[in-house]
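Below: protein03.txt (compact mmCIF, N, CA and C atoms)
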```txt
# COMPACT_ATOMS: atom_id res chain seq x y z
N MET A 23 0.84 -1.16 0.00
CA MET A 23 0.00 0.00 0.00
C MET A 23 0.89 1.23 0.00
N ILE A 24 0.60 2.16 -0.86
CA ILE A 24 1.37 3.40 -0.96
C ILE A 24 0.42 4.59 -0.83
N PRO A 25 0.31 5.15 0.38
CA PRO A 25 -0.45 6.39 0.51
C PRO A 25 0.44 7.58 0.19
N SER A 26 -0.13 8.64 -0.33
CA SER A 26 0.60 9.87 -0.60
C SER A 26 -0.13 11.02 0.07
N PHE A 27 0.65 11.91 0.70
CA PHE A 27 0.02 13.02 1.40
C PHE A 27 0.85 14.28 1.30
N ASN A 28 0.21 15.38 1.68
CA ASN A 28 0.87 16.66 1.82
C ASN A 28 0.35 17.25 3.12
N THR A 29 1.24 17.74 3.97
CA THR A 29 0.84 18.20 5.30
C THR A 29 -0.07 19.42 5.27
N GLY A 30 -0.17 20.12 4.14
CA GLY A 30 -1.05 21.27 4.03
C GLY A 30 -2.45 20.91 3.54
N CYS A 31 -2.70 19.65 3.30
CA CYS A 31 -3.97 19.17 2.74
C CYS A 31 -4.92 18.77 3.87
N THR A 32 -6.07 19.45 3.96
CA THR A 32 -7.01 19.14 5.05
C THR A 32 -7.60 17.74 4.93
N ALA A 33 -7.86 17.27 3.72
CA ALA A 33 -8.37 15.91 3.55
C ALA A 33 -7.32 14.88 3.97
N CYS A 34 -6.03 15.20 3.75
CA CYS A 34 -4.96 14.30 4.19
C CYS A 34 -4.94 14.20 5.71
N LEU A 35 -5.10 15.33 6.38
CA LEU A 35 -5.11 15.34 7.84
C LEU A 35 -6.20 14.44 8.38
N PHE A 36 -7.34 14.43 7.72
CA PHE A 36 -8.46 13.59 8.15
C PHE A 36 -8.25 12.13 7.77
N THR A 37 -7.68 11.88 6.62
CA THR A 37 -7.57 10.53 6.06
C THR A 37 -6.50 9.67 6.72
N PHE A 38 -5.35 10.24 7.03
CA PHE A 38 -4.19 9.42 7.31
C PHE A 38 -4.17 8.59 8.58
N PRO A 39 -4.98 8.83 9.56
CA PRO A 39 -5.04 7.84 10.63
C PRO A 39 -5.59 6.49 10.16
N PHE A 40 -6.43 6.48 9.14
CA PHE A 40 -7.07 5.24 8.72
C PHE A 40 -6.12 4.29 7.98
N PRO A 41 -5.28 4.74 7.04
CA PRO A 41 -4.30 3.81 6.47
C PRO A 41 -3.35 3.25 7.55
N ASP A 42 -3.06 4.07 8.56
CA ASP A 42 -2.21 3.56 9.63
C ASP A 42 -2.92 2.48 10.43
N GLN A 43 -4.22 2.61 10.63
CA GLN A 43 -4.97 1.54 11.29
C GLN A 43 -4.90 0.26 10.45
N LEU A 44 -4.97 0.38 9.14
CA LEU A 44 -4.83 -0.80 8.28
C LEU A 44 -3.43 -1.38 8.39
N HIS A 45 -2.43 -0.52 8.45
CA HIS A 45 -1.05 -0.98 8.61
C HIS A 45 -0.94 -1.84 9.86
N ARG A 46 -1.49 -1.37 10.96
CA ARG A 46 -1.42 -2.14 12.22
C ARG A 46 -2.24 -3.43 12.13
N ALA A 47 -3.38 -3.37 11.46
CA ALA A 47 -4.25 -4.55 11.36
C ALA A 47 -3.63 -5.65 10.51
N TYR A 48 -2.85 -5.27 9.52
CA TYR A 48 -2.27 -6.26 8.60
C TYR A 48 -0.77 -6.46 8.84
N THR A 49 -0.27 -6.09 9.99
CA THR A 49 1.17 -6.18 10.28
C THR A 49 1.72 -7.59 10.10
N ARG A 50 0.96 -8.59 10.45
CA ARG A 50 1.44 -9.97 10.37
C ARG A 50 1.37 -10.55 8.95
N ASP A 51 0.77 -9.83 8.05
CA ASP A 51 0.62 -10.31 6.68
C ASP A 51 1.82 -9.89 5.84
N PRO A 52 2.09 -10.63 4.77
CA PRO A 52 3.26 -10.31 3.93
C PRO A 52 3.00 -9.13 3.00
N LEU A 53 2.67 -8.00 3.58
CA LEU A 53 2.40 -6.79 2.81
C LEU A 53 3.36 -5.70 3.24
N GLU A 54 3.66 -4.81 2.33
CA GLU A 54 4.52 -3.67 2.66
C GLU A 54 3.71 -2.39 2.58
N PHE A 55 3.96 -1.51 3.52
CA PHE A 55 3.33 -0.20 3.56
C PHE A 55 4.43 0.83 3.42
N ARG A 56 4.33 1.69 2.43
CA ARG A 56 5.30 2.75 2.20
C ARG A 56 4.55 4.03 1.91
N ASP A 57 4.70 4.99 2.76
CA ASP A 57 4.02 6.27 2.59
C ASP A 57 4.89 7.19 1.76
N THR A 58 4.27 8.08 1.01
CA THR A 58 5.00 9.06 0.21
C THR A 58 4.54 10.45 0.64
N SER A 59 5.49 11.25 1.10
CA SER A 59 5.18 12.61 1.54
C SER A 59 5.73 13.62 0.54
N GLN A 60 4.92 14.60 0.21
CA GLN A 60 5.35 15.66 -0.69
C GLN A 60 5.90 16.85 0.09
N ASN A 61 6.37 16.60 1.30
CA ASN A 61 6.90 17.65 2.16
C ASN A 61 8.33 17.33 2.56
N THR A 62 8.95 18.26 3.26
CA THR A 62 10.32 18.03 3.75
C THR A 62 10.31 16.92 4.78
N ALA A 63 11.48 16.37 5.04
CA ALA A 63 11.61 15.30 6.03
C ALA A 63 11.13 15.77 7.40
N GLU A 64 11.47 16.99 7.78
CA GLU A 64 11.07 17.51 9.09
C GLU A 64 9.55 17.67 9.18
N ASN A 65 8.93 18.28 8.18
CA ASN A 65 7.47 18.43 8.20
C ASN A 65 6.78 17.07 8.20
N SER A 66 7.32 16.13 7.46
CA SER A 66 6.75 14.78 7.41
C SER A 66 6.87 14.09 8.76
N ARG A 67 8.01 14.25 9.40
CA ARG A 67 8.22 13.64 10.73
C ARG A 67 7.21 14.21 11.72
N LEU A 68 7.04 15.52 11.72
CA LEU A 68 6.10 16.16 12.64
C LEU A 68 4.66 15.70 12.37
N PHE A 69 4.30 15.59 11.10
CA PHE A 69 2.97 15.11 10.71
C PHE A 69 2.76 13.69 11.25
N CYS A 70 3.74 12.83 11.06
CA CYS A 70 3.61 11.44 11.51
C CYS A 70 3.53 11.36 13.03
N GLU A 71 4.30 12.16 13.71
CA GLU A 71 4.23 12.18 15.17
C GLU A 71 2.85 12.65 15.64
N LYS A 72 2.37 13.72 15.04
CA LYS A 72 1.08 14.28 15.44
C LYS A 72 -0.07 13.29 15.25
N PHE A 73 -0.03 12.53 14.15
CA PHE A 73 -1.13 11.63 13.84
C PHE A 73 -0.82 10.17 14.13
N GLY A 74 0.33 9.90 14.74
CA GLY A 74 0.66 8.54 15.14
C GLY A 74 0.90 7.59 13.99
N ILE A 75 1.39 8.11 12.88
CA ILE A 75 1.66 7.27 11.71
C ILE A 75 2.87 6.39 12.00
N THR A 76 2.73 5.08 11.79
CA THR A 76 3.79 4.14 12.15
C THR A 76 4.50 3.49 10.97
N PHE A 77 3.98 3.66 9.75
CA PHE A 77 4.65 2.99 8.63
C PHE A 77 5.73 3.88 8.02
N PRO A 78 6.66 3.28 7.28
CA PRO A 78 7.79 4.04 6.72
C PRO A 78 7.33 5.13 5.74
N ILE A 79 8.08 6.22 5.74
CA ILE A 79 7.77 7.38 4.89
C ILE A 79 8.91 7.61 3.90
N ALA A 80 8.55 7.78 2.62
CA ALA A 80 9.51 8.18 1.60
C ALA A 80 9.27 9.66 1.32
N ILE A 81 10.32 10.44 1.31
CA ILE A 81 10.20 11.88 1.07
C ILE A 81 10.26 12.13 -0.43
N ASP A 82 9.26 12.83 -0.94
CA ASP A 82 9.13 13.09 -2.37
C ASP A 82 9.02 14.59 -2.63
N ALA A 83 9.68 15.39 -1.77
CA ALA A 83 9.46 16.84 -1.77
C ALA A 83 10.10 17.58 -2.93
N ASP A 84 11.29 17.19 -3.36
CA ASP A 84 12.00 17.99 -4.34
C ASP A 84 11.56 17.74 -5.78
N SER A 85 11.65 16.50 -6.20
CA SER A 85 11.39 16.21 -7.61
C SER A 85 10.01 15.62 -7.87
N TYR A 86 9.33 15.19 -6.81
CA TYR A 86 8.04 14.49 -6.92
C TYR A 86 8.17 13.27 -7.83
N HIS A 87 9.32 12.60 -7.79
CA HIS A 87 9.57 11.44 -8.65
C HIS A 87 8.53 10.34 -8.41
N ALA A 88 8.30 9.98 -7.13
CA ALA A 88 7.33 8.92 -6.83
C ALA A 88 5.92 9.36 -7.22
N SER A 89 5.58 10.59 -6.92
CA SER A 89 4.25 11.10 -7.26
C SER A 89 4.02 11.05 -8.76
N LYS A 90 5.03 11.41 -9.53
CA LYS A 90 4.91 11.37 -10.99
C LYS A 90 4.88 9.93 -11.49
N SER A 91 5.67 9.05 -10.89
CA SER A 91 5.73 7.65 -11.32
C SER A 91 4.39 6.95 -11.16
N TYR A 92 3.74 7.22 -10.05
CA TYR A 92 2.46 6.57 -9.78
C TYR A 92 1.27 7.45 -10.13
N VAL A 93 1.51 8.59 -10.74
CA VAL A 93 0.48 9.52 -11.20
C VAL A 93 -0.47 9.90 -10.04
N PHE A 94 0.15 10.45 -8.99
CA PHE A 94 -0.63 11.02 -7.91
C PHE A 94 -1.11 12.40 -8.38
N ASP A 95 -2.31 12.45 -8.96
CA ASP A 95 -2.84 13.71 -9.47
C ASP A 95 -3.20 14.67 -8.35
N SER A 96 -3.61 14.12 -7.22
CA SER A 96 -3.95 14.93 -6.06
C SER A 96 -3.72 14.08 -4.81
N VAL A 97 -3.75 14.75 -3.69
CA VAL A 97 -3.58 14.05 -2.42
C VAL A 97 -4.81 14.31 -1.55
N PRO A 98 -5.16 13.41 -0.69
CA PRO A 98 -4.53 12.11 -0.49
C PRO A 98 -4.89 11.13 -1.61
N THR A 99 -3.95 10.31 -1.95
CA THR A 99 -4.17 9.18 -2.85
C THR A 99 -3.54 7.96 -2.19
N ILE A 100 -4.26 6.87 -2.23
CA ILE A 100 -3.76 5.61 -1.67
C ILE A 100 -3.79 4.58 -2.78
N LEU A 101 -2.64 3.96 -3.01
CA LEU A 101 -2.54 2.91 -4.02
C LEU A 101 -2.28 1.57 -3.36
N LEU A 102 -2.86 0.54 -3.93
CA LEU A 102 -2.53 -0.82 -3.54
C LEU A 102 -1.84 -1.43 -4.76
N VAL A 103 -0.57 -1.73 -4.59
CA VAL A 103 0.27 -2.20 -5.70
C VAL A 103 0.70 -3.63 -5.41
N ASP A 104 0.57 -4.51 -6.39
CA ASP A 104 0.98 -5.89 -6.17
C ASP A 104 2.48 -6.06 -6.35
N ARG A 105 2.97 -7.26 -6.15
CA ARG A 105 4.43 -7.53 -6.21
C ARG A 105 5.04 -7.27 -7.58
N GLU A 106 4.21 -7.29 -8.61
CA GLU A 106 4.70 -7.01 -9.97
C GLU A 106 4.66 -5.52 -10.29
N GLY A 107 4.22 -4.70 -9.34
CA GLY A 107 4.16 -3.26 -9.55
C GLY A 107 2.88 -2.78 -10.21
N ILE A 108 1.89 -3.66 -10.31
CA ILE A 108 0.62 -3.30 -10.94
C ILE A 108 -0.31 -2.70 -9.88
N ILE A 109 -0.88 -1.55 -10.20
CA ILE A 109 -1.81 -0.90 -9.28
C ILE A 109 -3.13 -1.68 -9.31
N ARG A 110 -3.49 -2.25 -8.16
CA ARG A 110 -4.71 -3.05 -8.05
C ARG A 110 -5.89 -2.26 -7.51
N PHE A 111 -5.60 -1.15 -6.85
CA PHE A 111 -6.66 -0.32 -6.29
C PHE A 111 -6.13 1.08 -6.10
N ARG A 112 -6.97 2.07 -6.37
CA ARG A 112 -6.60 3.48 -6.20
C ARG A 112 -7.76 4.20 -5.52
N LEU A 113 -7.43 4.95 -4.48
CA LEU A 113 -8.41 5.77 -3.78
C LEU A 113 -7.85 7.18 -3.73
N THR A 114 -8.59 8.12 -4.29
CA THR A 114 -8.18 9.53 -4.26
C THR A 114 -9.20 10.29 -3.42
N GLY A 115 -8.70 11.09 -2.48
CA GLY A 115 -9.58 11.81 -1.58
C GLY A 115 -10.02 10.91 -0.45
N PHE A 116 -10.92 11.40 0.37
CA PHE A 116 -11.44 10.60 1.47
C PHE A 116 -12.80 10.04 1.11
N SER A 117 -12.93 8.74 1.23
CA SER A 117 -14.19 8.05 1.02
C SER A 117 -14.25 6.90 2.02
N LYS A 118 -15.26 6.91 2.87
CA LYS A 118 -15.43 5.83 3.84
C LYS A 118 -15.57 4.49 3.12
N ALA A 119 -16.43 4.45 2.12
CA ALA A 119 -16.63 3.21 1.35
C ALA A 119 -15.34 2.79 0.65
N GLY A 120 -14.58 3.77 0.16
CA GLY A 120 -13.32 3.46 -0.52
C GLY A 120 -12.30 2.84 0.42
N LEU A 121 -12.23 3.33 1.66
CA LEU A 121 -11.29 2.75 2.63
C LEU A 121 -11.72 1.34 3.04
N ILE A 122 -13.02 1.11 3.12
CA ILE A 122 -13.50 -0.24 3.41
C ILE A 122 -13.14 -1.17 2.26
N ARG A 123 -13.33 -0.70 1.04
CA ARG A 123 -12.96 -1.51 -0.14
C ARG A 123 -11.45 -1.76 -0.18
N LEU A 124 -10.65 -0.78 0.21
CA LEU A 124 -9.20 -0.96 0.28
C LEU A 124 -8.87 -2.09 1.24
N SER A 125 -9.48 -2.11 2.40
CA SER A 125 -9.24 -3.19 3.36
C SER A 125 -9.65 -4.54 2.77
N GLU A 126 -10.75 -4.56 2.05
CA GLU A 126 -11.20 -5.81 1.42
C GLU A 126 -10.20 -6.29 0.37
N GLU A 127 -9.64 -5.35 -0.39
CA GLU A 127 -8.64 -5.71 -1.41
C GLU A 127 -7.35 -6.21 -0.77
N ILE A 128 -6.91 -5.55 0.30
CA ILE A 128 -5.72 -6.01 1.02
C ILE A 128 -5.96 -7.42 1.54
N ALA A 129 -7.13 -7.65 2.13
CA ALA A 129 -7.47 -8.96 2.67
C ALA A 129 -7.48 -10.02 1.58
N ARG A 130 -8.03 -9.66 0.42
CA ARG A 130 -8.05 -10.61 -0.70
C ARG A 130 -6.63 -10.99 -1.11
N MET A 131 -5.75 -10.00 -1.19
CA MET A 131 -4.36 -10.27 -1.57
C MET A 131 -3.64 -11.08 -0.50
N ALA A 132 -4.01 -10.89 0.77
CA ALA A 132 -3.39 -11.60 1.88
C ALA A 132 -4.10 -12.92 2.19
N ASN A 133 -5.19 -13.18 1.48
CA ASN A 133 -5.96 -14.41 1.66
C ASN A 133 -6.44 -14.57 3.11
N ARG A 134 -7.13 -13.54 3.57
CA ARG A 134 -7.66 -13.54 4.94
C ARG A 134 -8.91 -12.67 4.99
N PRO A 135 -9.66 -12.72 6.09
CA PRO A 135 -10.83 -11.83 6.20
C PRO A 135 -10.41 -10.37 6.32
N PRO A 136 -11.24 -9.45 5.85
CA PRO A 136 -10.86 -8.03 5.94
C PRO A 136 -10.83 -7.53 7.38
N ALA A 137 -9.89 -6.66 7.65
CA ALA A 137 -9.79 -6.00 8.95
C ALA A 137 -10.68 -4.78 8.94
N PRO A 138 -11.26 -4.44 10.09
CA PRO A 138 -12.06 -3.21 10.14
C PRO A 138 -11.18 -1.98 9.97
N VAL A 139 -11.68 -1.00 9.28
CA VAL A 139 -10.95 0.24 9.06
C VAL A 139 -11.25 1.24 10.16
N PHE A 140 -12.48 1.23 10.61
CA PHE A 140 -12.96 2.23 11.57
C PHE A 140 -13.32 1.56 12.88
N LEU A 141 -13.07 2.24 13.97
CA LEU A 141 -13.47 1.76 15.28
C LEU A 141 -14.97 1.95 15.44
N PRO A 142 -15.65 1.05 16.14
CA PRO A 142 -17.10 1.19 16.31
C PRO A 142 -17.51 2.53 16.93
N SER A 143 -16.64 3.11 17.75
CA SER A 143 -16.97 4.38 18.41
C SER A 143 -16.74 5.60 17.51
N GLU A 144 -16.08 5.43 16.36
CA GLU A 144 -15.77 6.56 15.49
C GLU A 144 -16.98 6.97 14.65
N ARG A 145 -17.21 8.26 14.62
CA ARG A 145 -18.25 8.82 13.75
C ARG A 145 -17.53 9.36 12.51
N VAL A 146 -17.63 8.60 11.44
CA VAL A 146 -16.88 8.91 10.23
C VAL A 146 -17.85 9.27 9.11
N PRO A 147 -17.67 10.44 8.48
CA PRO A 147 -18.55 10.81 7.37
C PRO A 147 -18.28 9.94 6.14
N GLU A 148 -19.24 9.91 5.24
CA GLU A 148 -19.07 9.13 4.01
C GLU A 148 -17.95 9.69 3.14
N THR A 149 -17.85 11.02 3.06
CA THR A 149 -16.79 11.66 2.29
C THR A 149 -16.29 12.88 3.08
N LYS A 150 -15.16 13.37 2.67
CA LYS A 150 -14.58 14.57 3.29
C LYS A 150 -13.94 15.39 2.18
N PRO A 151 -14.48 16.56 1.87
CA PRO A 151 -13.87 17.38 0.81
C PRO A 151 -12.50 17.89 1.23
N GLY A 152 -11.64 18.09 0.23
CA GLY A 152 -10.29 18.60 0.49
C GLY A 152 -10.32 20.06 0.48
```

Would you mind writing the file's structure down as structure tokens?
Amino acid sequence: MIPSFNTGCTACLFTFPFPDQLHRAYTRDPLEFRDTSQNTAENSRLFCEKFGITFPIAIDADSYHASKSYVFDSVPTILLVDREGIIRFRLTGFSKAGLIRLSEEIARMANRPPAPVFLPSERVPETKPG
């Protein structure tokens, strides 16, 4: 899974705790999580600390090489890429249904039941504009 964010993006601020919950839920599975930040290393570190992001971050601030390679037209964008580098799922912006589908796709690739994305106590809107 490759999420991409920018610390100035309000939809990113809302979205990024949820991919991290998936990262924790699928930790025992043979999947890799690599985040891509369009900010400096320091801003990215502060963002991750503030929101408790635990997966590795690649800094894409200067050339946007990763963003261009995977065609991140906007942020947040979350890609699910298989071992051959084929994008199997893409979610742009915040969508509750999209994050649930992402978990289902990860589970399918890991050959296991899907992990919940949201805690039962969380009040999560269907969408969140950027």

Rounded to one decimal in Å, what is the spacing between atom C of Phe116 of chain A and atom N of Pro147 of chain A?
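Here the two named atoms are 8.8 Å from each other.
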
At what distance in Å, to one decimal, does atom C of Val103 of chain A lie from atom CA of Met23 of chain A?
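Rounded to one decimal, the two atoms are 6.6 Å apart.
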
So which residues touch Phe69 of chain A within 12 Å, counting only C-alpha atoms, skipping near sequence neighbours fewer than 2 positions away, as a list of chain:residue names?
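Counting only C-alpha atoms, the residues come to A:Phe27, A:Asn28, A:Thr29, A:Gly30, A:Cys31, A:Cys34, A:Leu35, A:Phe36, A:Phe38, A:Pro39, A:Ser59, A:Gln60, A:Asn61, A:Thr62, A:Ala63, A:Glu64, A:Asn65, A:Ser66, A:Arg67, A:Glu71, A:Lys72, A:Phe73, A:Gly74, A:Ile75, A:Thr76, A:Ile79.
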
Hey, what's within 8 Å of segment 105-111 of chain A if we count all atoms listed in the file and toss same-chain stuff fewer than 6 positions away? As number ranges by chain, please?
A: 123-124, 127

I'd like the interatomic distance between atom N of Pro142 of chain A and atom N of Pro25 of chain A, to a tenth of an Å.
22.8 Å
